[in-house]
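Structure record follows, encoded as structure tokens.
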Amino acid sequence: MALKRIIIAIDEKVSGLTSVRFALNYFGGDKNRISILWLGKLPNQNERSNAPEMQNASVKIASIPMEQRTAIYKIIMEEYPDSKALITSETLDNFTRKQLTTLCSFSDILLATFEVFEDHLSSMFANFVGGRKYNKVCCPKILISKEFEYPESIVLVKTDQINTIATVKQFCHIFNEHCADVNLNLLDLQDDNRTSSVIETQRLLVDYLKQHSAQPAIYTYSGEDAEKLAYILNLTKNTIWVSPLESIEELELHNIDGVQEEFEPS
């Protein structure tokens, strides 16, 4: 199996470590490269420590402050001692949409909690003033609740840009063995969603998704509020939201205070 490169975006909040556990759980068993993108304050240059001895994993995360570094060491050693991944950390000198795009272009997945997404990534796209509707960023983005435990459902977001289909396919290939036993829903945000070409595209997508899930469903978004959308898509704290992060309309779906809390049905 081809090795993968996973980018995890985290900051000082403990909730961001949910993404670390997710990556180790689903991608730590092989010698994949897990790169932790540090979005918080840079560590003090005097903070020096030797990485503890790992049985199989290789961990080099010196660009993360000591407190978070220690927490990550503990997670690996106590919860994932058999991990074989190469775990590194990195920062971006000038954190911009362009730099993030470049980073994602050479990665298979970008992973973050909704909380980290809202604090650091959402405004990067929402404030784009280039006059274009679409903010293209390569590779699927996985957004999860800070309380995520195990996958119950997956929502794949599709816009009317053709490369979002590639995003769906890439996620299915990477997460293939974990799709079969969960509810798999495709949320279609395409503006002109009643044309024959769109309907045919939806049919082909459902046929494709059947290779990965027994009963995939497709839903065309029609401006529903968060509560209704949560009910339709069966959103919970254990939903994996797979997003291309391409359009302003898409961002508005989860650019709400407390995304998971708003979307989770009572």
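Letters for chains follow the order of the structure tokens (A, B, ...), residue numbers begin at 1 for each chain, and ligand numbers begin at 1 in the order shown.
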Shell of 12 Å around Gly16 of chain A, only C-alpha atoms, local chain residues under 6 positions omitted, as number ranges by chain: A: 8-10, 22-23, 36-40, 68, 71-72, 111-120, 143-148
Just the number, please: distance in Å from atom CA of Asp188 of chain A to atom CA of Arg5 of chain A, one decimal.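 Atom CA of Arg5 of chain A lies at a distance of 27.2 Å from atom CA of Asp188 of chain A.
Nearest to Ser222 of chain A of all the residues A:Ser197, A:Gln190, A:Ser89, A:Thr236 is A:Gln190, counting only C-alpha atoms.
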Apply DSSP to the structure's backbone, then extract all residues of segment 36-109 of chain A labelled strand (DSSP E) and return them as a list in words.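 Assigned to strand (DSSP E), within segment 36-109 of chain A: Ile36, Leu37, Trp38, Ser58, Val59, Lys60, Leu86, Ile87, Thr88, Ser89, Glu90 and Ile109 of chain A.
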Restrict the selected residues to N, CA, C and O atoms and save them as a short mmCIF file (atom, residue, chain, number, x, y, z; two decimals), in the first residue's frame.
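Wrote it out as again-v3.cif, contents follow:
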```cif
data_model
loop_
_atom_site.label_atom_id
_atom_site.label_comp_id
_atom_site.auth_asym_id
_atom_site.auth_seq_id
_atom_site.Cartn_x
_atom_site.Cartn_y
_atom_site.Cartn_z
N ILE A 36 2.56 17.62 11.80
CA ILE A 36 1.73 18.45 12.66
C ILE A 36 2.01 19.91 12.35
O ILE A 36 3.12 20.41 12.57
N LEU A 37 1.01 20.59 11.80
CA LEU A 37 1.13 22.00 11.46
C LEU A 37 0.78 22.82 12.69
O LEU A 37 -0.38 22.87 13.12
N TRP A 38 1.78 23.45 13.29
CA TRP A 38 1.58 24.19 14.53
C TRP A 38 1.09 25.60 14.21
O TRP A 38 1.75 26.36 13.51
N SER A 58 8.93 7.32 14.58
CA SER A 58 9.98 8.33 14.60
C SER A 58 9.31 9.68 14.84
O SER A 58 8.43 10.08 14.06
N VAL A 59 9.67 10.36 15.91
CA VAL A 59 8.98 11.59 16.30
C VAL A 59 9.97 12.74 16.39
O VAL A 59 10.92 12.70 17.18
N LYS A 60 9.76 13.77 15.57
CA LYS A 60 10.60 14.97 15.57
C LYS A 60 9.68 16.19 15.52
O LYS A 60 9.28 16.63 14.44
N LEU A 86 6.13 8.26 10.75
CA LEU A 86 7.14 9.30 10.88
C LEU A 86 6.38 10.58 11.22
O LEU A 86 5.63 11.11 10.40
N ILE A 87 6.55 11.05 12.45
CA ILE A 87 5.78 12.19 12.93
C ILE A 87 6.69 13.40 13.05
O ILE A 87 7.68 13.38 13.79
N THR A 88 6.37 14.45 12.31
CA THR A 88 7.17 15.66 12.32
C THR A 88 6.27 16.86 12.61
O THR A 88 5.04 16.75 12.63
N SER A 89 6.88 18.00 12.82
CA SER A 89 6.12 19.23 13.01
C SER A 89 6.67 20.31 12.10
O SER A 89 7.83 20.26 11.68
N GLU A 90 5.81 21.26 11.78
CA GLU A 90 6.25 22.36 10.95
C GLU A 90 5.40 23.59 11.20
O GLU A 90 4.28 23.50 11.73
N ILE A 109 -4.16 14.55 2.89
CA ILE A 109 -5.30 14.99 3.70
C ILE A 109 -4.83 16.10 4.63
O ILE A 109 -3.71 16.06 5.14
#
```
